[in-house]
$ cat my_file.cif   # mmCIF, C-alpha atoms and all ligand atoms
data_protein
loop_
_atom_site.group_PDB
_atom_site.id
_atom_site.type_symbol
_atom_site.label_atom_id
_atom_site.label_comp_id
_atom_site.auth_asym_id
_atom_site.auth_seq_id
_atom_site.Cartn_x
_atom_site.Cartn_y
_atom_site.Cartn_z
ATOM 1 C CA MET A 284 19.935 -8.975 11.941
ATOM 2 C CA ASN A 285 18.170 -7.735 8.839
ATOM 3 C CA ALA A 286 14.950 -5.858 9.349
ATOM 4 C CA SER A 287 11.692 -7.635 8.515
ATOM 5 C CA VAL A 288 10.013 -6.289 5.410
ATOM 6 C CA VAL A 289 6.502 -4.905 5.142
ATOM 7 C CA VAL A 290 5.407 -4.575 1.519
ATOM 8 C CA ALA A 291 2.783 -2.175 0.220
ATOM 9 C CA GLY A 292 1.178 -1.523 -3.138
ATOM 10 C CA ALA A 293 0.626 1.758 -4.963
ATOM 11 C CA VAL A 294 -2.345 0.286 -6.831
ATOM 12 C CA PHE A 295 -3.051 2.134 -10.077
ATOM 13 C CA ASP A 296 -6.233 1.864 -12.082
ATOM 14 C CA GLN A 297 -7.583 4.274 -14.681
ATOM 15 C CA GLY A 298 -5.115 6.974 -13.681
ATOM 16 C CA ARG A 299 -5.995 6.832 -9.994
ATOM 17 C CA LEU A 300 -4.205 5.655 -6.863
ATOM 18 C CA LEU A 301 -5.909 3.456 -4.272
ATOM 19 C CA ALA A 302 -5.834 4.645 -0.650
ATOM 20 C CA ALA A 303 -7.035 2.433 2.213
ATOM 21 C CA ARG A 304 -8.048 3.634 5.683
ATOM 22 C CA ARG A 305 -6.806 1.439 8.523
ATOM 23 C CA SER A 306 -9.279 0.201 11.110
ATOM 24 C CA SER A 307 -6.615 -1.171 13.478
ATOM 25 C CA PRO A 308 -4.509 -1.101 15.598
ATOM 26 C CA PRO A 309 -5.899 1.872 17.556
ATOM 27 C CA GLU A 310 -2.766 3.996 17.060
ATOM 28 C CA LEU A 311 -3.060 3.666 13.258
ATOM 29 C CA ALA A 312 -6.861 3.556 12.898
ATOM 30 C CA GLY A 313 -8.249 6.358 10.771
ATOM 31 C CA ARG A 314 -4.964 6.954 8.925
ATOM 32 C CA TRP A 315 -4.627 6.081 5.232
ATOM 33 C CA GLU A 316 -2.066 3.699 3.771
ATOM 34 C CA LEU A 317 -0.903 1.915 0.702
ATOM 35 C CA PRO A 318 -2.334 -1.551 1.420
ATOM 36 C CA GLY A 319 -0.020 -4.461 2.155
ATOM 37 C CA GLY A 320 1.544 -6.359 5.037
ATOM 38 C CA LYS A 321 4.424 -8.411 6.314
ATOM 39 C CA VAL A 322 6.465 -10.701 4.096
ATOM 40 C CA GLU A 323 6.267 -14.267 5.412
ATOM 41 C CA PRO A 324 9.200 -16.703 5.473
ATOM 42 C CA GLY A 325 9.948 -18.113 2.027
ATOM 43 C CA GLU A 326 8.039 -15.401 0.141
ATOM 44 C CA SER A 327 9.449 -12.768 -2.163
ATOM 45 C CA GLY A 328 8.238 -9.217 -1.681
ATOM 46 C CA GLU A 329 6.146 -9.447 -4.841
ATOM 47 C CA GLN A 330 4.570 -12.746 -3.730
ATOM 48 C CA ALA A 331 3.710 -11.281 -0.331
ATOM 49 C CA LEU A 332 2.157 -8.241 -1.964
ATOM 50 C CA VAL A 333 -0.055 -10.304 -4.270
ATOM 51 C CA ARG A 334 -1.165 -12.407 -1.273
ATOM 52 C CA GLU A 335 -1.851 -9.407 0.960
ATOM 53 C CA LEU A 336 -3.888 -7.594 -1.685
ATOM 54 C CA ARG A 337 -5.900 -10.779 -2.271
ATOM 55 C CA GLU A 338 -6.558 -11.209 1.480
ATOM 56 C CA GLU A 339 -7.226 -7.567 2.312
ATOM 57 C CA LEU A 340 -9.002 -6.323 -0.800
ATOM 58 C CA GLY A 341 -10.187 -9.447 -2.639
ATOM 59 C CA VAL A 342 -8.337 -8.593 -5.849
ATOM 60 C CA GLU A 343 -5.806 -10.248 -8.109
ATOM 61 C CA SER A 344 -2.929 -7.906 -8.816
ATOM 62 C CA ARG A 345 0.412 -7.665 -10.598
ATOM 63 C CA PRO A 346 3.407 -5.815 -9.128
ATOM 64 C CA LEU A 347 4.934 -3.535 -11.777
ATOM 65 C CA GLU A 348 8.000 -1.728 -10.402
ATOM 66 C CA ARG A 349 9.619 -1.245 -7.039
ATOM 67 C CA ILE A 350 9.603 2.369 -5.907
ATOM 68 C CA PRO A 351 13.241 2.983 -4.965
ATOM 69 C CA GLY A 352 13.893 3.354 -1.273
ATOM 70 C CA GLU A 353 12.968 1.756 2.018
ATOM 71 C CA TRP A 354 11.337 3.464 4.959
ATOM 72 C CA PRO A 355 11.672 2.616 8.666
ATOM 73 C CA LEU A 356 8.593 1.474 10.592
ATOM 74 C CA LYS A 357 8.492 0.248 14.169
ATOM 75 C CA PRO A 358 11.874 -1.139 15.323
ATOM 76 C CA GLY A 359 12.939 -4.119 13.237
ATOM 77 C CA TYR A 360 10.624 -3.368 10.280
ATOM 78 C CA VAL A 361 11.057 -1.506 7.016
ATOM 79 C CA LEU A 362 8.524 -0.580 4.344
ATOM 80 C CA GLN A 363 9.077 -1.354 0.641
ATOM 81 C CA VAL A 364 6.607 -0.266 -2.030
ATOM 82 C CA TRP A 365 5.758 -1.416 -5.548
ATOM 83 C CA THR A 366 3.489 0.074 -8.141
ATOM 84 C CA VAL A 367 0.751 -2.455 -8.834
ATOM 85 C CA ALA A 368 -1.790 -3.049 -11.590
ATOM 86 C CA LEU A 369 -5.161 -4.649 -10.944
ATOM 87 C CA VAL A 370 -5.690 -7.889 -12.830
ATOM 88 C CA SER A 371 -9.216 -8.685 -11.686
ATOM 89 C CA GLY A 372 -11.736 -7.769 -9.035
ATOM 90 C CA ASP A 373 -12.876 -4.535 -7.430
ATOM 91 C CA PRO A 374 -11.125 -3.708 -4.156
ATOM 92 C CA ARG A 375 -13.373 -4.155 -1.107
ATOM 93 C CA THR A 376 -12.733 -3.640 2.611
ATOM 94 C CA LEU A 377 -12.317 -7.222 3.854
ATOM 95 C CA GLN A 378 -9.868 -6.870 6.740
ATOM 96 C CA ASP A 379 -7.660 -4.156 8.254
ATOM 97 C CA HIS A 380 -9.524 -1.320 6.470
ATOM 98 C CA ASP A 381 -12.846 0.459 6.825
ATOM 99 C CA ALA A 382 -12.755 2.734 3.766
ATOM 100 C CA LEU A 383 -11.167 2.907 0.337
ATOM 101 C CA ARG A 384 -10.712 5.825 -2.052
ATOM 102 C CA TRP A 385 -9.462 6.102 -5.618
ATOM 103 C CA LEU A 386 -7.475 9.335 -5.788
ATOM 104 C CA ALA A 387 -6.709 11.296 -8.941
ATOM 105 C CA PRO A 388 -3.187 12.782 -9.021
ATOM 106 C CA ASP A 389 -4.417 16.149 -7.713
ATOM 107 C CA GLU A 390 -6.316 14.457 -4.879
ATOM 108 C CA VAL A 391 -3.514 12.439 -3.318
ATOM 109 C CA ASP A 392 -2.980 14.996 -0.559
ATOM 110 C CA ASP A 393 -6.658 14.887 0.414
ATOM 111 C CA VAL A 394 -6.253 12.005 2.873
ATOM 112 C CA ASP A 395 -4.225 11.708 6.065
ATOM 113 C CA TRP A 396 -1.550 9.226 4.994
ATOM 114 C CA LEU A 397 0.603 7.403 7.528
ATOM 115 C CA ASP A 398 3.803 9.451 7.776
ATOM 116 C CA GLN A 399 5.976 6.543 6.683
ATOM 117 C CA ASP A 400 3.919 6.055 3.483
ATOM 118 C CA ARG A 401 4.238 9.672 2.324
ATOM 119 C CA PRO A 402 7.510 9.486 0.341
ATOM 120 C CA ALA A 403 6.264 6.520 -1.686
ATOM 121 C CA VAL A 404 2.843 8.138 -2.160
ATOM 122 C CA ALA A 405 4.550 11.262 -3.511
ATOM 123 C CA GLU A 406 6.585 9.205 -5.979
ATOM 124 C CA ALA A 407 3.505 7.193 -6.985
ATOM 125 C CA ALA A 408 1.622 10.439 -7.663
ATOM 126 C CA ARG A 409 4.507 11.687 -9.837
ATOM 127 C CA ARG A 410 4.331 8.471 -11.863
ATOM 128 C CA LEU A 411 0.546 8.749 -12.176
ATOM 129 C CA ARG A 412 0.958 12.260 -13.586
ATOM 130 C CA GLY A 413 3.433 10.808 -16.057
ATOM 131 C CA ALA A 414 6.193 13.119 -14.815
HETATM 132 N N1 LIG B 1 2.516 -0.359 7.722
HETATM 133 C C1 LIG B 1 2.754 0.955 7.323
HETATM 134 N N2 LIG B 1 2.386 1.324 6.070
HETATM 135 C C2 LIG B 1 1.820 0.456 5.203
HETATM 136 C C3 LIG B 1 1.574 -0.894 5.615
HETATM 137 C C4 LIG B 1 0.936 -1.887 4.699
HETATM 138 C C5 LIG B 1 1.951 -1.265 6.895
HETATM 139 O O1 LIG B 1 3.274 1.769 8.092
HETATM 140 N N3 LIG B 1 1.496 0.901 3.978
HETATM 141 C C6 LIG B 1 2.920 -0.781 9.077
HETATM 142 C C7 LIG B 1 1.744 -0.943 10.007
HETATM 143 C C8 LIG B 1 2.181 -2.037 10.930
HETATM 144 C C9 LIG B 1 3.149 -2.877 10.114
HETATM 145 O O2 LIG B 1 3.545 -2.065 9.023
HETATM 146 O O3 LIG B 1 2.910 -1.458 12.011
HETATM 147 C C10 LIG B 1 2.550 -4.190 9.628
HETATM 148 O O4 LIG B 1 1.465 -3.899 8.774
HETATM 149 P P1 LIG B 1 0.141 -4.773 8.773
HETATM 150 O O5 LIG B 1 -0.432 -4.820 10.143
HETATM 151 O O6 LIG B 1 -0.720 -4.253 7.688
HETATM 152 O O7 LIG B 1 0.737 -6.170 8.345
HETATM 153 P P2 LIG B 1 0.097 -7.612 8.493
HETATM 154 O O8 LIG B 1 -1.359 -7.537 8.099
HETATM 155 O O9 LIG B 1 0.957 -8.567 7.762
HETATM 156 O O10 LIG B 1 0.260 -7.791 10.044
HETATM 157 P P3 LIG B 1 -0.248 -8.906 11.049
HETATM 158 O O11 LIG B 1 -1.707 -9.063 10.765
HETATM 159 O O12 LIG B 1 0.049 -8.249 12.371
HETATM 160 O O13 LIG B 1 0.606 -10.100 10.784
#

$ encode --input "my_file.cif" --output "structure tokens"
Amino acid sequence: MNASVVVAGAVFDQGRLLAARRSSPPELAGRWELPGGKVEPGESGEQALVRELREELGVESRPLERIPGEWPLKPGYVLQVWTVALVSGDPRTLQDHDALRWLAPDEVDDVDWLDQDRPAVAEAARRLRGA
């Protein structure tokens, strides 16, 4: 069986990367992630990402490029990440998160990212720097 996909967005705005602090479940609370969630049946990864960012942050967004790679989560799940541009709205903590930060390229290591998000965060930071 194929693994279920969790999608996440490296949201870029004005040269900064959005980091979101999880408020649940207890084992993930307090750690920072690229926001997103599970792809539902019948959705593409990009569609799921737009929906999740609308539900979780109250923004309209546009996926730009997939960051190559796929990272294992709990058994049966893998993480895929896209760079994302904001179309409208200011991200707010609506569900799943209790804090947000916009990180400049030299600040991306300032928060305690979930381990499984780190490779994509590193690549996102490289792209932000224009490298
Ligand atoms: N991750 C993860 N990194 C990351 C995300 C968005 C999710 O490691 N950037 C993990 C955390 C959970 C699983 O993927 O173990 C599902 O993410 P979640 O809970 O954000 O997805 P939802 O909101 O679709 O999940 P349900 O509310 O449970 O349906």

$ residues_near_ligand --input "my_file.cif" --ligand "ligand LIG 1 (chain B)" --cutoff "6 Å" --atoms "all atoms listed in the file" --output "PDB file with C-alpha atoms, keeping the file's coordinate frame"
ATOM      1  CA  VAL A 289       6.502  -4.905   5.142  1.00  0.00           C
ATOM      2  CA  ALA A 291       2.783  -2.175   0.220  1.00  0.00           C
ATOM      3  CA  GLU A 316      -2.066   3.699   3.771  1.00  0.00           C
ATOM      4  CA  LEU A 317      -0.903   1.915   0.702  1.00  0.00           C
ATOM      5  CA  PRO A 318      -2.334  -1.551   1.420  1.00  0.00           C
ATOM      6  CA  GLY A 319      -0.020  -4.461   2.155  1.00  0.00           C
ATOM      7  CA  GLY A 320       1.544  -6.359   5.037  1.00  0.00           C
ATOM      8  CA  LYS A 321       4.424  -8.411   6.314  1.00  0.00           C
ATOM      9  CA  LEU A 356       8.593   1.474  10.592  1.00  0.00           C
ATOM     10  CA  GLN A 399       5.976   6.543   6.683  1.00  0.00           C
ATOM     11  CA  ASP A 400       3.919   6.055   3.483  1.00  0.00           C
TER      12      ASP A 400
END

$ residues_around --input "my_file.cif" --residues "Leu411 of chain A" --least-positions-apart "5" --cutoff "12 Å" --atoms "all atoms listed in the file" --output "PDB file with C-alpha atoms, in the coordinates of the input"
ATOM      1  CA  ALA A 293       0.626   1.758  -4.963  1.00  0.00           C
ATOM      2  CA  VAL A 294      -2.345   0.286  -6.831  1.00  0.00           C
ATOM      3  CA  PHE A 295      -3.051   2.134 -10.077  1.00  0.00           C
ATOM      4  CA  ASP A 296      -6.233   1.864 -12.082  1.00  0.00           C
ATOM      5  CA  GLN A 297      -7.583   4.274 -14.681  1.00  0.00           C
ATOM      6  CA  GLY A 298      -5.115   6.974 -13.681  1.00  0.00           C
ATOM      7  CA  ARG A 299      -5.995   6.832  -9.994  1.00  0.00           C
ATOM      8  CA  LEU A 300      -4.205   5.655  -6.863  1.00  0.00           C
ATOM      9  CA  LEU A 301      -5.909   3.456  -4.272  1.00  0.00           C
ATOM     10  CA  THR A 366       3.489   0.074  -8.141  1.00  0.00           C
ATOM     11  CA  VAL A 367       0.751  -2.455  -8.834  1.00  0.00           C
ATOM     12  CA  LEU A 386      -7.475   9.335  -5.788  1.00  0.00           C
ATOM     13  CA  ALA A 387      -6.709  11.296  -8.941  1.00  0.00           C
ATOM     14  CA  PRO A 388      -3.187  12.782  -9.021  1.00  0.00           C
ATOM     15  CA  ASP A 389      -4.417  16.149  -7.713  1.00  0.00           C
ATOM     16  CA  GLU A 390      -6.316  14.457  -4.879  1.00  0.00           C
ATOM     17  CA  VAL A 391      -3.514  12.439  -3.318  1.00  0.00           C
ATOM     18  CA  VAL A 404       2.843   8.138  -2.160  1.00  0.00           C
ATOM     19  CA  ALA A 405       4.550  11.262  -3.511  1.00  0.00           C
ATOM     20  CA  GLU A 406       6.585   9.205  -5.979  1.00  0.00           C
TER      21      GLU A 406
END

$ axis_aligned_box --input "my_file.cif" --around "segment 386-393 of chain A" --padding-each-side "6 Å" --output "JSON"
{"center_x": -5.2, "center_y": 12.7, "center_z": -4.3, "size_x": 16.5, "size_y": 18.8, "size_z": 21.4}

$ residues_near_point --input "my_file.cif" --point "(-7.9, 2.5, 5.0)" --cutoff "12 Å" --atoms "all atoms listed in the file" --output "number ranges by chain"
A: 301-308, 311-319, 339-340, 374-385, 394-397

$ atom_distance --input "my_file.cif" --atom1 "atom CA of Leu336 of chain A" --atom2 "atom CA of Glu310 of chain A"
22.1 Å

$ resolve_selection --input "my_file.cif" --expression "the PyMOL selection byres (((chain A and resi 288) around 8) and not hetatm)" --output "list in words"
Ala286, Ser287, Val289, Val290, Lys321, Val322, Gly328, Tyr360, Val361, Leu362 and Gln363 of chain A

$ atom_distance --input "my_file.cif" --atom1 "atom CA of Arg410 of chain A" --atom2 "atom CA of Arg334 of chain A"
24.0 Å

$ atom_distance --input "my_file.cif" --atom1 "atom CA of Arg401 of chain A" --atom2 "atom CA of Lys357 of chain A"
15.7 Å

$ resolve_selection --input "my_file.cif" --expression "the PyMOL selection byres (((chain A and resi 341-343) around 6) and not hetatm)" --output "list in words"
Arg337, Glu338, Leu340, Ser344, Val370, Ser371, Gly372 and Pro374 of chain A

$ closest_residue --input "my_file.cif" --among "A:Arg412, A:Asp392, A:Leu332, A:Pro324" --to "Val364 of chain A" --atoms "only C-alpha atoms"
A:Leu332

$ closest_residue --input "my_file.cif" --among "A:Pro402, A:Gly325, A:Gly292, A:Gly413" --to "Leu369 of chain A" --atoms "only C-alpha atoms"
A:Gly292

$ closest_residue --input "my_file.cif" --among "A:Asn285, A:Ala368, A:Glu348, A:Glu353" --to "Ala403 of chain A" --atoms "all atoms listed in the file"
A:Glu353

$ decode --input "my_file.cif" --residues "segment 293-336 of chain A" --atoms "N, CA and C atoms" --output "CSV table (one decimal), in the first residue's frame"
chain,number,residue,atom,x,y,z
A,293,ALA,N,6.1,25.7,2.7
A,293,ALA,CA,7.2,26.7,3.0
A,293,ALA,C,6.6,28.0,2.5
A,294,VAL,N,5.9,28.8,3.4
A,294,VAL,CA,5.2,30.0,3.0
A,294,VAL,C,6.2,31.1,3.0
A,295,PHE,N,6.4,31.7,1.8
A,295,PHE,CA,7.3,32.9,1.7
A,295,PHE,C,6.5,34.2,1.6
A,296,ASP,N,7.0,35.2,2.2
A,296,ASP,CA,6.4,36.5,2.0
A,296,ASP,C,7.5,37.5,2.4
A,297,GLN,N,7.8,38.5,1.6
A,297,GLN,CA,8.8,39.5,1.8
A,297,GLN,C,10.1,39.0,2.3
A,298,GLY,N,10.5,37.9,1.7
A,298,GLY,CA,11.9,37.3,2.0
A,298,GLY,C,11.9,36.6,3.3
A,299,ARG,N,10.8,36.3,3.9
A,299,ARG,CA,10.8,35.5,5.1
A,299,ARG,C,10.0,34.2,5.0
A,300,LEU,N,10.3,33.3,5.9
A,300,LEU,CA,9.6,32.0,5.9
A,300,LEU,C,8.7,31.9,7.1
A,301,LEU,N,7.5,31.4,6.9
A,301,LEU,CA,6.6,31.3,8.0
A,301,LEU,C,6.8,30.0,8.8
A,302,ALA,N,6.9,30.1,10.1
A,302,ALA,CA,7.0,28.9,11.0
A,302,ALA,C,5.8,29.0,12.0
A,303,ALA,N,5.3,27.8,12.2
A,303,ALA,CA,4.1,27.7,13.1
A,303,ALA,C,4.3,26.7,14.2
A,304,ARG,N,4.0,27.1,15.4
A,304,ARG,CA,4.2,26.2,16.6
A,304,ARG,C,3.0,25.4,16.9
A,305,ARG,N,3.2,24.1,16.9
A,305,ARG,CA,2.0,23.2,17.1
A,305,ARG,C,1.6,23.3,18.6
A,306,SER,N,0.2,23.2,18.7
A,306,SER,CA,-0.4,23.1,20.1
A,306,SER,C,-0.9,21.7,20.4
A,307,SER,N,-0.8,20.8,19.5
A,307,SER,CA,-1.3,19.5,19.7
A,307,SER,C,-0.7,18.6,18.6
A,308,PRO,N,-0.7,17.2,18.8
A,308,PRO,CA,-0.9,16.5,20.0
A,308,PRO,C,0.2,16.7,21.0
A,309,PRO,N,0.0,16.2,22.2
A,309,PRO,CA,1.0,16.6,23.3
A,309,PRO,C,2.5,16.3,22.9
A,310,GLU,N,2.7,15.2,22.1
A,310,GLU,CA,4.1,14.8,21.8
A,310,GLU,C,4.7,15.8,20.7
A,311,LEU,N,3.9,16.6,20.1
A,311,LEU,CA,4.4,17.5,19.1
A,311,LEU,C,4.2,19.0,19.6
A,312,ALA,N,3.5,19.2,20.6
A,312,ALA,CA,3.2,20.6,21.1
A,312,ALA,C,4.5,21.3,21.4
A,313,GLY,N,4.6,22.5,21.0
A,313,GLY,CA,5.7,23.3,21.3
A,313,GLY,C,6.8,23.3,20.2
A,314,ARG,N,6.7,22.3,19.3
A,314,ARG,CA,7.7,22.2,18.2
A,314,ARG,C,7.1,23.0,17.0
A,315,TRP,N,8.0,23.4,16.2
A,315,TRP,CA,7.6,24.3,15.0
A,315,TRP,C,7.6,23.5,13.8
A,316,GLU,N,6.7,23.8,12.9
A,316,GLU,CA,6.5,23.1,11.6
A,316,GLU,C,6.2,24.1,10.5
A,317,LEU,N,6.3,23.5,9.3
A,317,LEU,CA,5.8,24.1,8.1
A,317,LEU,C,4.3,23.7,8.1
A,318,PRO,N,3.4,24.6,8.1
A,318,PRO,CA,2.0,24.3,8.3
A,318,PRO,C,1.4,23.5,7.1
A,319,GLY,N,0.4,22.6,7.4
A,319,GLY,CA,-0.2,21.7,6.4
A,319,GLY,C,-1.0,20.7,7.1
A,320,GLY,N,-1.2,19.6,6.4
A,320,GLY,CA,-2.0,18.5,6.9
A,320,GLY,C,-2.2,17.4,5.9
A,321,LYS,N,-3.1,16.5,6.2
A,321,LYS,CA,-3.2,15.3,5.4
A,321,LYS,C,-4.0,15.5,4.1
A,322,VAL,N,-3.6,14.9,3.1
A,322,VAL,CA,-4.3,15.0,1.8
A,322,VAL,C,-5.6,14.1,2.0
A,323,GLU,N,-6.7,14.6,1.6
A,323,GLU,CA,-8.0,13.8,1.6
A,323,GLU,C,-8.2,13.1,0.3
A,324,PRO,N,-9.1,12.1,0.3
A,324,PRO,CA,-9.3,11.4,-0.9
A,324,PRO,C,-9.8,12.3,-2.0
A,325,GLY,N,-9.3,12.1,-3.2
A,325,GLY,CA,-9.8,12.9,-4.3
A,325,GLY,C,-9.1,14.3,-4.5
A,326,GLU,N,-8.2,14.6,-3.5
A,326,GLU,CA,-7.5,15.9,-3.6
A,326,GLU,C,-6.1,15.7,-4.2
A,327,SER,N,-5.6,16.7,-4.9
A,327,SER,CA,-4.2,16.7,-5.2
A,327,SER,C,-3.4,17.3,-4.0
A,328,GLY,N,-2.1,17.1,-4.0
A,328,GLY,CA,-1.3,17.7,-2.9
A,328,GLY,C,-1.5,19.2,-2.8
A,329,GLU,N,-1.5,19.8,-4.0
A,329,GLU,CA,-1.6,21.3,-4.0
A,329,GLU,C,-3.0,21.7,-3.5
A,330,GLN,N,-4.0,21.0,-3.9
A,330,GLN,CA,-5.4,21.3,-3.4
A,330,GLN,C,-5.5,21.2,-1.9
A,331,ALA,N,-4.9,20.1,-1.4
A,331,ALA,CA,-4.9,19.9,0.1
A,331,ALA,C,-4.2,21.0,0.8
A,332,LEU,N,-3.1,21.4,0.2
A,332,LEU,CA,-2.3,22.5,0.9
A,332,LEU,C,-3.0,23.8,0.9
A,333,VAL,N,-3.6,24.1,-0.2
A,333,VAL,CA,-4.4,25.4,-0.2
A,333,VAL,C,-5.5,25.3,0.8
A,334,ARG,N,-6.2,24.2,0.9
A,334,ARG,CA,-7.3,24.0,1.9
A,334,ARG,C,-6.8,24.0,3.3
A,335,GLU,N,-5.7,23.4,3.6
A,335,GLU,CA,-5.1,23.3,5.0
A,335,GLU,C,-4.7,24.7,5.4
A,336,LEU,N,-4.1,25.5,4.5
A,336,LEU,CA,-3.6,26.8,4.9
A,336,LEU,C,-4.8,27.8,5.1
